[in-house]
Structure formats: structure tokens, C-alpha cells
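> Right, I'll just put the structure down here and ask away after.
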Amino acid sequence: MTRRGNAILEFALSFGLLFSVFAGVFQFGYTFVIYNNLQTAVRAGARYASLRVYDSSTSTPSAAYLAEVRNVVIYGNPAGTGPRRAPGLRPEQVQVTISMDRNVPKEVSVAIVGYTVDAAVRSFTLNGKPKVTMPYMGRFAP
């Protein structure tokens with residue numbers, strides 16, 4: 001009978017450590033999956049932005065250009081339909097930056113700003129990460 005009691009006591013003492021390890025592994029895995037989804041989405045958005053016709057004569061993109069690039073990042077298509085790639089990702093959290101060279105687009109950068117990943121134990125806020133910069137290869141028609 002004492003063996004059964006010892007096993008319960010050992011489990012009770014080690015449960016706190018085991019629970020902490022499992023919670024940490026879950027938190028790391030969940031955060032990694034969300035970050036990986038965001039990295040893929042930002043890469044797709046930067047690729048789309050680098051090939052789309054740029055219709056502004058300044059480094060400030062037009063509202064239509066900005067909306068379509070953000071939709072590609074958030075939904076995976078320029079129309080903005082379907083499920084979101086990351087839970088709670090909003091358009092204002094997708095930052096699109098155009099670098100100009102002699103009034104012609106040179107590079108397009110897409111980044112995530114102010115997005116919070118709510119894991120089981122702790123929250124992580126992503127500012128400027130993930131970020132992808134691509135050379136502009138599209139047509140310039142201001």
C-alpha cells in the first residue's frame with residue numbers, strides 16, 4: 001500500500017514541473033505557427049506589391065493600392081475575401097512602404113506592426129517583424 005501512496009505523492013510533486021514544460025512547449029509552438037503564417041503572408045503581400053501597377057507619383061501609395069496589398073497579406077487575395085491568415089490581424093497593422101528613386105518606385109517593404117500573439121501564458125507584440133523588402137518590378141503609371 002505504501003508504494004501506491006508514494007507514486008501519487010511523486011506525481012503530485014512533479015506535476016508542477018511537467019505542466020510548466022508542456023505549457024512552455026505549447027506557447028512556443030503556437031507563437032511559431034502564427035509567426036510563420038505572418039511571414040508567408042508578408043512575403044506574398046510584398047511580391048504582389050512589387051508586381052502591381054503603382055499609381056501614385058509620391059512614396060505615399062494610393063488608397064486602392066494600399067487596400068489591395070493589405071488584403072493580400074490578411075486574406076491571401078486582393079479582393080479581401082475568405083478566412084484571415086492570422087487571428088485578429090487588422091489592415092492598419094500591415095505597413096506598406098515604398099522607396100522612390102528619382103520619382104520612380106525602387107523597393108516595396110511590407111511589415112507587421114503592433115500585432116499581438118496571445119499564447120497560453122504570455123502575449124508577444126510584433127513591431128516591424130516579419131518584414132520583407134522586394135525590388136519594384138511593376139509598371140509605374142501615376
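For the C-alpha cells, the naming scheme is as follows: chains receive sequential letters (A, B, ...) according to their order of presentation, residues are indexed from 1 within each chain, and ligands are indexed from 1 in presentation order.
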Select from chain A everything DSSP, run on the backbone, classes as strand (DSSP E), then give the selection as a PyMOL selection string.
chain A and resi 94-101+104-118+123-135
> How would you write, as a PyMOL selection string, the set of residues in chain A that DSSP gives as helix (DSSP H, G or I)?
chain A and resi 2-51+63-75+91-93
> Keeping only C-alpha atoms, take the residues you just selected and write them out as a PDB file, in the first residue's frame.

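out.pdb was written with the following content:
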```
ATOM      1  CA  THR A   2       2.797   2.432   0.654  1.00  0.00           C
ATOM      2  CA  ARG A   3       4.023   2.082  -2.922  1.00  0.00           C
ATOM      3  CA  ARG A   4       0.734   3.364  -4.290  1.00  0.00           C
ATOM      4  CA  GLY A   5       0.888   6.310  -1.924  1.00  0.00           C
ATOM      5  CA  ASN A   6       4.468   7.094  -2.952  1.00  0.00           C
ATOM      6  CA  ALA A   7       3.540   7.144  -6.619  1.00  0.00           C
ATOM      7  CA  ILE A   8       0.711   9.620  -6.017  1.00  0.00           C
ATOM      8  CA  LEU A   9       2.982  11.812  -3.913  1.00  0.00           C
ATOM      9  CA  GLU A  10       5.751  11.768  -6.555  1.00  0.00           C
ATOM     10  CA  PHE A  11       3.252  12.647  -9.280  1.00  0.00           C
ATOM     11  CA  ALA A  12       1.833  15.499  -7.210  1.00  0.00           C
ATOM     12  CA  LEU A  13       5.306  16.933  -6.628  1.00  0.00           C
ATOM     13  CA  SER A  14       6.402  16.613 -10.267  1.00  0.00           C
ATOM     14  CA  PHE A  15       3.109  17.802 -11.799  1.00  0.00           C
ATOM     15  CA  GLY A  16       4.047  21.485 -11.455  1.00  0.00           C
ATOM     16  CA  LEU A  17       7.270  20.982 -13.376  1.00  0.00           C
ATOM     17  CA  LEU A  18       5.611  18.840 -16.078  1.00  0.00           C
ATOM     18  CA  PHE A  19       2.766  21.340 -16.516  1.00  0.00           C
ATOM     19  CA  SER A  20       5.242  24.220 -16.869  1.00  0.00           C
ATOM     20  CA  VAL A  21       7.219  22.350 -19.525  1.00  0.00           C
ATOM     21  CA  PHE A  22       4.087  21.418 -21.504  1.00  0.00           C
ATOM     22  CA  ALA A  23       2.736  24.986 -21.291  1.00  0.00           C
ATOM     23  CA  GLY A  24       6.064  26.360 -22.498  1.00  0.00           C
ATOM     24  CA  VAL A  25       6.218  23.954 -25.439  1.00  0.00           C
ATOM     25  CA  PHE A  26       2.629  24.823 -26.392  1.00  0.00           C
ATOM     26  CA  GLN A  27       3.305  28.560 -26.138  1.00  0.00           C
ATOM     27  CA  PHE A  28       6.453  28.340 -28.254  1.00  0.00           C
ATOM     28  CA  GLY A  29       4.768  26.136 -30.866  1.00  0.00           C
ATOM     29  CA  TYR A  30       1.666  28.332 -31.159  1.00  0.00           C
ATOM     30  CA  THR A  31       3.724  31.518 -31.443  1.00  0.00           C
ATOM     31  CA  PHE A  32       5.982  29.880 -34.041  1.00  0.00           C
ATOM     32  CA  VAL A  33       2.995  28.808 -36.172  1.00  0.00           C
ATOM     33  CA  ILE A  34       1.438  32.291 -36.067  1.00  0.00           C
ATOM     34  CA  TYR A  35       4.778  33.949 -36.897  1.00  0.00           C
ATOM     35  CA  ASN A  36       5.337  31.517 -39.780  1.00  0.00           C
ATOM     36  CA  ASN A  37       1.849  32.303 -41.162  1.00  0.00           C
ATOM     37  CA  LEU A  38       2.598  36.036 -40.902  1.00  0.00           C
ATOM     38  CA  GLN A  39       5.962  35.592 -42.642  1.00  0.00           C
ATOM     39  CA  THR A  40       4.290  33.790 -45.531  1.00  0.00           C
ATOM     40  CA  ALA A  41       1.555  36.438 -45.728  1.00  0.00           C
ATOM     41  CA  VAL A  42       4.019  39.346 -45.689  1.00  0.00           C
ATOM     42  CA  ARG A  43       6.113  37.698 -48.414  1.00  0.00           C
ATOM     43  CA  ALA A  44       3.015  37.248 -50.588  1.00  0.00           C
ATOM     44  CA  GLY A  45       1.971  40.854 -49.965  1.00  0.00           C
ATOM     45  CA  ALA A  46       5.413  42.217 -50.843  1.00  0.00           C
ATOM     46  CA  ARG A  47       5.523  40.116 -54.016  1.00  0.00           C
ATOM     47  CA  TYR A  48       2.066  41.332 -55.038  1.00  0.00           C
ATOM     48  CA  ALA A  49       3.001  44.951 -54.265  1.00  0.00           C
ATOM     49  CA  SER A  50       6.221  44.704 -56.280  1.00  0.00           C
ATOM     50  CA  LEU A  51       4.379  43.498 -59.403  1.00  0.00           C
ATOM     51  CA  ALA A  63      -5.801  54.024 -51.174  1.00  0.00           C
ATOM     52  CA  ALA A  64      -6.657  51.321 -53.728  1.00  0.00           C
ATOM     53  CA  TYR A  65      -3.045  50.084 -53.939  1.00  0.00           C
ATOM     54  CA  LEU A  66      -2.715  50.020 -50.158  1.00  0.00           C
ATOM     55  CA  ALA A  67      -6.046  48.233 -49.661  1.00  0.00           C
ATOM     56  CA  GLU A  68      -5.205  45.500 -52.164  1.00  0.00           C
ATOM     57  CA  VAL A  69      -1.742  44.848 -50.707  1.00  0.00           C
ATOM     58  CA  ARG A  70      -3.199  44.698 -47.192  1.00  0.00           C
ATOM     59  CA  ASN A  71      -5.915  42.304 -48.376  1.00  0.00           C
ATOM     60  CA  VAL A  72      -3.278  40.010 -49.879  1.00  0.00           C
ATOM     61  CA  VAL A  73      -1.466  39.948 -46.535  1.00  0.00           C
ATOM     62  CA  ILE A  74      -4.588  39.460 -44.412  1.00  0.00           C
ATOM     63  CA  TYR A  75      -6.760  37.242 -46.638  1.00  0.00           C
ATOM     64  CA  PRO A  91      -5.457  46.321 -42.059  1.00  0.00           C
ATOM     65  CA  GLU A  92      -3.796  49.089 -40.023  1.00  0.00           C
ATOM     66  CA  GLN A  93      -1.319  46.508 -38.697  1.00  0.00           C
TER      67      GLN A  93
END
```
> Which residue is closest to Thr116 (chain A)? Choose from A:Met134, A:Asn77, A:Phe140, A:Lys129 and count only C-alpha atoms.
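Comparing A:Met134, A:Asn77, A:Phe140, A:Lys129 against Thr116 (chain A), the winner is A:Lys129.
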